[in-house]
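Structure below is model-v2.pdb: PDB, C-alpha atoms.
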```pdb
ATOM      1  CA  MET M 508     182.256  19.148 -83.626
ATOM      2  CA  ASN M 509     181.480  17.656 -80.206
ATOM      3  CA  ILE M 510     183.482  14.660 -78.988
ATOM      4  CA  LEU M 511     182.772  12.507 -75.946
ATOM      5  CA  ILE M 512     185.783  10.685 -74.476
ATOM      6  CA  SER M 513     185.489   7.721 -72.130
ATOM      7  CA  ASN M 514     187.509   4.644 -71.189
ATOM      8  CA  ASP M 515     187.525   1.512 -69.045
ATOM      9  CA  ASP M 516     190.702   2.205 -67.033
ATOM     10  CA  GLY M 517     189.006   4.917 -64.984
ATOM     11  CA  VAL M 518     188.819   8.689 -65.144
ATOM     12  CA  ASN M 519     192.235   9.064 -63.471
ATOM     13  CA  ALA M 520     194.067   6.811 -65.931
ATOM     14  CA  PRO M 521     196.784   8.572 -67.963
ATOM     15  CA  GLY M 522     195.368   7.340 -71.262
ATOM     16  CA  ILE M 523     192.171   9.373 -71.054
ATOM     17  CA  LEU M 524     194.127  12.596 -70.601
ATOM     18  CA  ALA M 525     196.247  11.627 -73.615
ATOM     19  CA  ALA M 526     193.106  11.050 -75.691
ATOM     20  CA  LYS M 527     191.721  14.444 -74.709
ATOM     21  CA  GLN M 528     194.985  16.184 -75.516
ATOM     22  CA  ALA M 529     195.121  14.455 -78.906
ATOM     23  CA  VAL M 530     191.882  15.997 -80.174
ATOM     24  CA  GLU M 531     191.139  19.054 -78.027
ATOM     25  CA  ASP M 532     192.270  21.388 -80.808
ATOM     26  CA  LEU M 533     189.783  19.811 -83.218
ATOM     27  CA  ALA M 534     186.504  19.879 -81.294
ATOM     28  CA  ASN M 535     184.604  20.581 -78.116
ATOM     29  CA  VAL M 536     185.679  17.723 -75.857
ATOM     30  CA  TYR M 537     183.745  16.210 -72.949
ATOM     31  CA  VAL M 538     185.268  13.556 -70.671
ATOM     32  CA  VAL M 539     182.960  11.137 -68.858
ATOM     33  CA  ALA M 540     184.463   7.902 -67.544
ATOM     34  CA  PRO M 541     184.101   5.263 -64.813
ATOM     35  CA  ASP M 542     185.255   6.337 -61.370
ATOM     36  CA  LYS M 543     187.535   3.286 -61.151
ATOM     37  CA  ASN M 544     189.075   0.612 -63.340
ATOM     38  CA  ASN M 545     186.486  -1.437 -65.243
ATOM     39  CA  SER M 546     188.672  -3.554 -67.511
ATOM     40  CA  SER M 547     187.160  -6.609 -69.211
ATOM     41  CA  VAL M 548     183.557  -5.881 -68.209
ATOM     42  CA  GLY M 549     182.373  -5.946 -71.818
ATOM     43  CA  ARG M 550     179.185  -4.032 -72.558
ATOM     44  CA  ARG M 551     177.738  -4.327 -69.072
ATOM     45  CA  ILE M 552     175.232  -1.667 -68.074
ATOM     46  CA  SER M 553     173.864  -0.968 -64.607
ATOM     47  CA  LEU M 554     170.170  -1.806 -64.780
ATOM     48  CA  PHE M 555     169.493  -2.463 -61.105
ATOM     49  CA  LYS M 556     171.435   0.224 -59.230
ATOM     50  CA  HIS M 557     171.676   3.988 -59.073
ATOM     51  CA  LEU M 558     174.629   5.692 -60.697
ATOM     52  CA  LYS M 559     176.569   8.497 -59.059
ATOM     53  CA  LEU M 560     177.861  11.291 -61.293
ATOM     54  CA  GLU M 561     180.580  13.585 -59.946
ATOM     55  CA  SER M 562     182.563  16.466 -61.395
ATOM     56  CA  CYS M 563     186.348  16.103 -61.175
ATOM     57  CA  GLU M 564     189.558  17.346 -62.753
ATOM     58  CA  LEU M 565     192.129  15.661 -64.955
ATOM     59  CA  GLU M 566     195.834  16.150 -64.263
ATOM     60  CA  ASP M 567     195.969  19.201 -66.534
ATOM     61  CA  GLY M 568     193.185  20.866 -64.547
ATOM     62  CA  SER M 569     190.498  20.373 -67.185
ATOM     63  CA  LYS M 570     186.987  19.344 -66.203
ATOM     64  CA  ALA M 571     185.792  15.751 -66.371
ATOM     65  CA  TYR M 572     183.011  13.611 -64.905
ATOM     66  CA  SER M 573     183.215  10.276 -63.113
ATOM     67  CA  VAL M 574     180.412   7.708 -63.158
ATOM     68  CA  SER M 575     180.002   4.918 -60.597
ATOM     69  CA  GLY M 576     179.342   2.383 -63.313
ATOM     70  CA  SER M 577     180.731   0.641 -66.362
ATOM     71  CA  PRO M 578     182.316   2.124 -69.496
ATOM     72  CA  ALA M 579     179.020   1.644 -71.346
ATOM     73  CA  ASP M 580     177.232   3.463 -68.508
ATOM     74  CA  ALA M 581     179.692   6.348 -68.835
ATOM     75  CA  VAL M 582     179.026   6.663 -72.566
ATOM     76  CA  ILE M 583     175.259   6.631 -72.032
ATOM     77  CA  VAL M 584     175.404   9.178 -69.210
ATOM     78  CA  GLY M 585     177.819  11.375 -71.134
ATOM     79  CA  ALA M 586     175.892  11.357 -74.397
ATOM     80  CA  ASP M 587     172.388  11.489 -72.964
ATOM     81  CA  TYR M 588     172.815  13.628 -69.838
ATOM     82  CA  VAL M 589     176.107  15.502 -69.477
ATOM     83  CA  MET M 590     176.164  16.849 -73.034
ATOM     84  CA  ASP M 591     173.437  19.180 -74.245
ATOM     85  CA  GLU M 592     173.213  17.318 -77.543
ATOM     86  CA  LYS M 593     174.356  13.967 -78.857
ATOM     87  CA  PRO M 594     178.106  13.945 -79.633
ATOM     88  CA  ASP M 595     179.323  13.698 -83.203
ATOM     89  CA  LEU M 596     181.970  11.180 -82.189
ATOM     90  CA  VAL M 597     182.848   9.003 -79.192
ATOM     91  CA  ILE M 598     186.462   8.082 -78.427
ATOM     92  CA  THR M 599     187.254   5.385 -75.862
ATOM     93  CA  GLY M 600     190.768   5.004 -74.465
ATOM     94  CA  ILE M 601     193.611   5.358 -74.754
ATOM     95  CA  ASN M 602     193.548   1.862 -73.255
ATOM     96  CA  GLN M 603     196.577   0.496 -71.414
ATOM     97  CA  GLY M 604     197.017  -2.724 -73.405
ATOM     98  CA  VAL M 605     195.976  -3.828 -76.873
ATOM     99  CA  ASN M 606     192.632  -5.090 -78.189
ATOM    100  CA  ILE M 607     193.639  -7.041 -81.255
ATOM    101  CA  SER M 608     191.931 -10.428 -80.961
ATOM    102  CA  CYS M 609     188.425 -11.768 -81.473
ATOM    103  CA  ASP M 610     187.755 -11.591 -77.722
ATOM    104  CA  VAL M 611     187.268  -7.805 -77.998
ATOM    105  CA  THR M 612     183.653  -8.389 -76.930
ATOM    106  CA  SER M 613     184.965  -8.629 -73.351
ATOM    107  CA  SER M 614     186.889  -5.367 -73.640
ATOM    108  CA  GLY M 615     185.424  -2.432 -71.759
ATOM    109  CA  THR M 616     187.214  -0.086 -74.151
ATOM    110  CA  VAL M 617     185.820  -1.603 -77.337
ATOM    111  CA  CYS M 618     182.374  -2.294 -75.898
ATOM    112  CA  ALA M 619     182.009   1.305 -74.727
ATOM    113  CA  ALA M 620     182.547   2.198 -78.382
ATOM    114  CA  PHE M 621     179.947  -0.431 -79.354
ATOM    115  CA  GLU M 622     177.517   1.242 -76.955
ATOM    116  CA  ALA M 623     178.052   4.555 -78.714
ATOM    117  CA  VAL M 624     177.393   2.942 -82.080
ATOM    118  CA  SER M 625     174.161   1.429 -80.755
ATOM    119  CA  MET M 626     173.098   5.009 -79.949
ATOM    120  CA  GLY M 627     173.774   6.085 -83.515
ATOM    121  CA  ILE M 628     177.133   7.706 -82.720
ATOM    122  CA  PRO M 629     180.297   6.680 -84.628
ATOM    123  CA  ALA M 630     183.195   5.729 -82.395
ATOM    124  CA  ILE M 631     186.913   5.060 -82.149
ATOM    125  CA  ALA M 632     188.366   2.630 -79.596
ATOM    126  CA  VAL M 633     192.069   3.371 -79.033
ATOM    127  CA  SER M 634     194.545   1.018 -77.343
ATOM    128  CA  LEU M 635     198.295   1.160 -76.691
ATOM    129  CA  PHE M 636     200.625  -1.836 -76.783
ATOM    130  CA  ILE M 637     202.725  -1.806 -73.620
ATOM    131  CA  ASP M 638     206.083  -3.390 -74.479
ATOM    132  CA  PRO M 639     207.325  -5.103 -71.298
ATOM    133  CA  LYS M 640     210.927  -4.819 -72.528
ATOM    134  CA  THR M 641     210.916  -1.017 -72.660
ATOM    135  CA  SER M 642     207.883   0.249 -70.748
ATOM    136  CA  TYR M 643     208.720  -1.117 -67.289
ATOM    137  CA  LYS M 644     211.249   1.060 -65.486
ATOM    138  CA  GLN M 645     212.604   1.591 -61.985
ATOM    139  CA  ASP M 646     212.704   4.837 -60.066
ATOM    140  CA  GLU M 647     215.562   6.033 -57.850
ATOM    141  CA  ASN M 648     214.219   3.896 -54.996
ATOM    142  CA  GLY M 649     214.144   0.762 -57.105
ATOM    143  CA  GLU M 650     210.349   0.738 -57.380
ATOM    144  CA  TRP M 651     208.963  -0.473 -60.687
ATOM    145  CA  TYR M 652     206.535   1.661 -62.695
ATOM    146  CA  VAL M 653     205.092   1.714 -66.222
ATOM    147  CA  ASP M 654     206.295   4.483 -68.505
ATOM    148  CA  TYR M 655     203.374   5.115 -70.843
ATOM    149  CA  ASP M 656     204.482   6.708 -74.099
ATOM    150  CA  PHE M 657     201.330   7.994 -75.790
ATOM    151  CA  THR M 658     203.193  10.128 -78.339
ATOM    152  CA  LEU M 659     202.464   8.061 -81.442
ATOM    153  CA  ALA M 660     198.972   7.072 -80.285
ATOM    154  CA  LYS M 661     198.050  10.740 -79.835
ATOM    155  CA  LYS M 662     199.412  11.627 -83.272
ATOM    156  CA  VAL M 663     197.607   8.789 -85.059
ATOM    157  CA  LEU M 664     194.356   9.519 -83.216
ATOM    158  CA  HIS M 665     194.606  13.218 -84.048
ATOM    159  CA  ASP M 666     195.222  12.508 -87.728
ATOM    160  CA  LEU M 667     192.381   9.982 -87.866
ATOM    161  CA  VAL M 668     189.865  12.389 -86.327
ATOM    162  CA  LEU M 669     191.058  15.122 -88.666
ATOM    163  CA  LYS M 670     190.411  12.815 -91.605
ATOM    164  CA  ILE M 671     186.958  11.925 -90.234
ATOM    165  CA  ILE M 672     186.115  15.623 -89.921
ATOM    166  CA  ASP M 673     187.181  16.131 -93.534
ATOM    167  CA  LYS M 674     185.754  13.010 -95.165
ATOM    168  CA  GLY M 675     183.585  11.227 -92.598
ATOM    169  CA  PHE M 676     183.661   7.494 -91.879
ATOM    170  CA  PRO M 677     183.977   5.068 -94.802
ATOM    171  CA  LYS M 678     180.738   3.653 -96.155
ATOM    172  CA  ASP M 679     179.179   1.004 -93.881
ATOM    173  CA  VAL M 680     181.778   1.679 -91.156
ATOM    174  CA  ASP M 681     180.849   3.228 -87.811
ATOM    175  CA  LEU M 682     183.633   2.017 -85.503
ATOM    176  CA  PHE M 683     187.415   1.992 -85.710
ATOM    177  CA  ASN M 684     189.406  -0.267 -83.363
ATOM    178  CA  LEU M 685     192.771   1.507 -83.331
ATOM    179  CA  ASN M 686     195.811  -0.211 -81.815
ATOM    180  CA  VAL M 687     199.169   1.555 -81.616
ATOM    181  CA  PRO M 688     202.539  -0.038 -80.724
ATOM    182  CA  THR M 689     204.944   1.445 -78.199
ATOM    183  CA  ASN M 690     207.946   0.580 -80.344
ATOM    184  CA  HIS M 691     207.480   1.131 -84.052
ATOM    185  CA  GLU M 692     209.538   1.075 -87.206
ATOM    186  CA  SER M 693     206.963   2.969 -89.240
ATOM    187  CA  GLU M 694     204.072   5.339 -88.583
ATOM    188  CA  GLU M 695     202.085   3.887 -91.487
ATOM    189  CA  VAL M 696     198.514   2.985 -90.521
ATOM    190  CA  LYS M 697     197.307  -0.400 -91.738
ATOM    191  CA  ILE M 698     193.828  -1.905 -91.882
ATOM    192  CA  THR M 699     193.951  -5.503 -90.698
ATOM    193  CA  ASN M 700     191.888  -8.331 -89.197
ATOM    194  CA  LEU M 701     191.420  -9.396 -85.604
ATOM    195  CA  SER M 702     193.687 -12.171 -84.376
ATOM    196  CA  HIS M 703     192.177 -15.534 -83.434
ATOM    197  CA  ASN M 704     194.312 -15.709 -80.289
ATOM    198  CA  MET M 705     192.182 -15.685 -77.157
ATOM    199  CA  LEU M 706     192.846 -14.939 -73.510
ATOM    200  CA  ASP M 707     194.243 -18.005 -71.756
ATOM    201  CA  LYS M 708     191.334 -19.054 -69.539
ATOM    202  CA  LYS M 709     193.115 -21.789 -67.601
ATOM    203  CA  VAL M 710     192.191 -21.400 -63.950
ATOM    204  CA  ILE M 711     194.989 -20.963 -61.410
ATOM    205  CA  ASP M 712     194.415 -22.553 -58.005
ATOM    206  CA  ASN M 713     195.492 -20.077 -55.336
ATOM    207  CA  THR M 714     194.063 -21.982 -52.382
ATOM    208  CA  ASP M 715     195.550 -20.570 -49.187
ATOM    209  CA  GLU M 716     196.615 -22.253 -45.959
ATOM    210  CA  GLU M 717     193.092 -22.003 -44.557
ATOM    211  CA  LYS M 718     191.934 -24.017 -47.588
ATOM    212  CA  SER M 719     189.810 -21.174 -48.890
ATOM    213  CA  GLU M 720     189.274 -21.808 -52.574
ATOM    214  CA  ILE M 721     190.661 -18.810 -54.409
ATOM    215  CA  PHE M 722     190.920 -18.947 -58.174
ATOM    216  CA  ASN M 723     191.868 -16.520 -60.901
ATOM    217  CA  TYR M 724     192.819 -16.469 -64.564
ATOM    218  CA  HIS M 725     196.386 -16.153 -65.743
ATOM    219  CA  LEU M 726     196.650 -12.765 -67.481
ATOM    220  CA  GLU M 727     199.670 -11.677 -69.459
ATOM    221  CA  GLU M 728     200.525  -7.989 -69.487
ATOM    222  CA  ASN M 729     199.009  -6.448 -72.656
ATOM    223  CA  GLN M 730     196.027  -8.768 -72.426
ATOM    224  CA  LYS M 731     194.459  -6.173 -70.162
ATOM    225  CA  LYS M 732     191.331  -4.786 -71.754
TER     226      LYS M 732
END
```
Can you turn what I pasted into structure tokens?
Amino acid sequence: MNILISNDDGVNAPGILAAKQAVEDLANVYVVAPDKNNSSVGRRISLFKHLKLESCELEDGSKAYSVSGSPADAVIVGADYVMDEKPDLVITGINQGVNISCDVTSSGTVCAAFEAVSMGIPAIAVSLFIDPKTSYKQDENGEWYVDYDFTLAKKVLHDLVLKIIDKGFPKDVDLFNLNVPTNHESEEVKITNLSHNMLDKKVIDNTDEEKSEIFNYHLEENQKK
């Protein structure tokens, strides 16, 4: 089995290494991802610019490729150029933040999986809930950092791919949107529906002293896509 792994957080994000480690014992794994963070770009593809493809290494020393484009670009380049043949499965993630609401069409993680499906390749989009109460920690110098615990996400992803290898995807299903909590009382996997909660799109006025009009959206942690 050949698996292509991509993401929207960038090739150096810790989640993509976790995704590779979760399934590398099950298949031949290729990693092709954006060269930098591309959260919330949806299914954007680069029609009017050249893309740069570079070989790089993940933290464990394994080979990967970076693409100067969007998550969808990375999936296309990976499946159609880097790999000798079309992958059997595309995995996107593990995303830093959940994708559980009906605004998943803006998510680079989920839409990269949609791009794979449009190419006839089944896909899994994987996201991790970052609990602000337990995931934010301070180092010895008092600097804050995020402690990403991918343990359960890696286990669930591994088991899901193992089941797909054994039984395939369910009838009329070609994409799983998998969301895993940081803190959990049970490891039971449940099939559910997307929430109707949407990103708060109220505009914040950050006009500076020079009266330059600077605006941005208010974004809660875990709404990152």
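When the distance limit is 8 Å and all atoms listed in the file are what count, the residues near stretch 635-646 of chain M, minus those fewer than 3 positions from it on the same chain, are Ile601, Asn602, Gln603, Gly604, Val605, Gly649, Glu650, Trp651, Tyr652, Val653, Asp654, Tyr655, Phe657, Ala660, Asn686, Val687, Pro688, Thr689, Asn690, Glu728 and Asn729 of chain M.
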> Near M:Asn519, counting only C-alpha atoms, which residues have an atom at most 9 Å away, once you skip same-chain residues fewer than 6 positions from it, shown as a PyMOL selection string?
Replying inline: chain M and resi 540+542-543+564-566
With C-alpha atoms retained, could you export that selection as a tab-separated table (two decimals), in the frame of the given file?
```tsv
chain	number	residue	atom	x	y	z
M	540	ALA	CA	184.46	7.90	-67.54
M	542	ASP	CA	185.26	6.34	-61.37
M	543	LYS	CA	187.54	3.29	-61.15
M	564	GLU	CA	189.56	17.35	-62.75
M	565	LEU	CA	192.13	15.66	-64.96
M	566	GLU	CA	195.83	16.15	-64.26
```
> For the file shown, what are the residues hit by the PyMOL selection byres ((chain M and resi 547) around 6), laid out as a list in words?
Replying inline: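 After applying the PyMOL selection byres ((chain M and resi 547) around 6), what remains is Ser546, Val548, Gly549, Ser613, Ser614, Gly615 and Lys732 of chain M.
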> For M:Asp681, which residue among M:Ser634, M:Thr612, M:Ser625, M:Asn704 is the nearest when counting all atoms listed in the file?
Replying inline: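 With all atoms listed in the file as the atom set, the closest residue is M:Ser625.
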> Quick one: which residues end up in the PyMOL selection byres ((chain M and resi 527) around 9) for this structure, as a list of chain:residue names?
Replying inline: M:Ile512, M:Gly522, M:Ile523, M:Leu524, M:Ala525, M:Ala526, M:Gln528, M:Ala529, M:Val530, M:Glu531, M:Val536, M:Tyr537, M:Val538, M:Lys661
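Counting all atoms listed in the file and comparing M:Ala586, M:Leu659, M:Leu669, M:Leu682, the residue that lies closest to M:Phe621 is M:Leu682.
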>> What's the separation between atom CA of M:Ile628 and atom CA of M:Asn606, in Å to one decimal place?
In response: 20.6 Å
> Which residue out of M:Asn535, M:Asn514, M:Thr599, M:Ser608 has the minimum interatomic distance to M:Ser573 when all atoms listed in the file are used?
Replying inline: M:Asn514
>> Taking the file as I've supplied it (selection: the PyMOL selection byres ((chain M and resi 545) around 6)), which residues are included? Please answer as a PyMOL selection string.
In response: chain M and resi 515-516+544+546
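With all atoms listed in the file taken into account, the protein and nucleic acid residues at most 12 Å from M:Val680 (excluding it and anything under 3 positions from it in its own chain) are Val624, Gly627, Ile628, Pro629, Ala630, Ile631, Ile671, Gly675, Phe676, Pro677, Phe683 and Asn684 of chain M.
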Please list, as a compact mmCIF listing (two decimals) with C-alpha atoms, in the coordinates of the input, the residues that have an atom at most 10 Å away from (180.7, 4.0, -60.7) in the coordinates of this file, counting all atoms listed in the file.
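Saved the output as point08.txt:
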```txt
# COMPACT_ATOMS: atom_id res chain seq x y z
CA GLY M 517 189.01 4.92 -64.98
CA ALA M 540 184.46 7.90 -67.54
CA PRO M 541 184.10 5.26 -64.81
CA ASP M 542 185.26 6.34 -61.37
CA LYS M 543 187.54 3.29 -61.15
CA ASN M 544 189.08 0.61 -63.34
CA ASN M 545 186.49 -1.44 -65.24
CA SER M 553 173.86 -0.97 -64.61
CA HIS M 557 171.68 3.99 -59.07
CA LEU M 558 174.63 5.69 -60.70
CA LYS M 559 176.57 8.50 -59.06
CA LEU M 560 177.86 11.29 -61.29
CA GLU M 561 180.58 13.58 -59.95
CA SER M 573 183.22 10.28 -63.11
CA VAL M 574 180.41 7.71 -63.16
CA SER M 575 180.00 4.92 -60.60
CA GLY M 576 179.34 2.38 -63.31
CA SER M 577 180.73 0.64 -66.36
CA PRO M 578 182.32 2.12 -69.50
CA ASP M 580 177.23 3.46 -68.51
CA ALA M 581 179.69 6.35 -68.83
```
>> With 10 Å as the threshold, what does the neighbourhood of (183.8, 20.9, -85.0) contain in terms of residues, counting all atoms listed in the file? Coordinates are those of the file; answer as a ChimeraX atom specification.
In response: /M:508-510,532-536,595,669,672
>> Just the number, please: distance in Å from atom CA of M:Ile552 to atom CA of M:Val611, one decimal.
In response: 16.8 Å
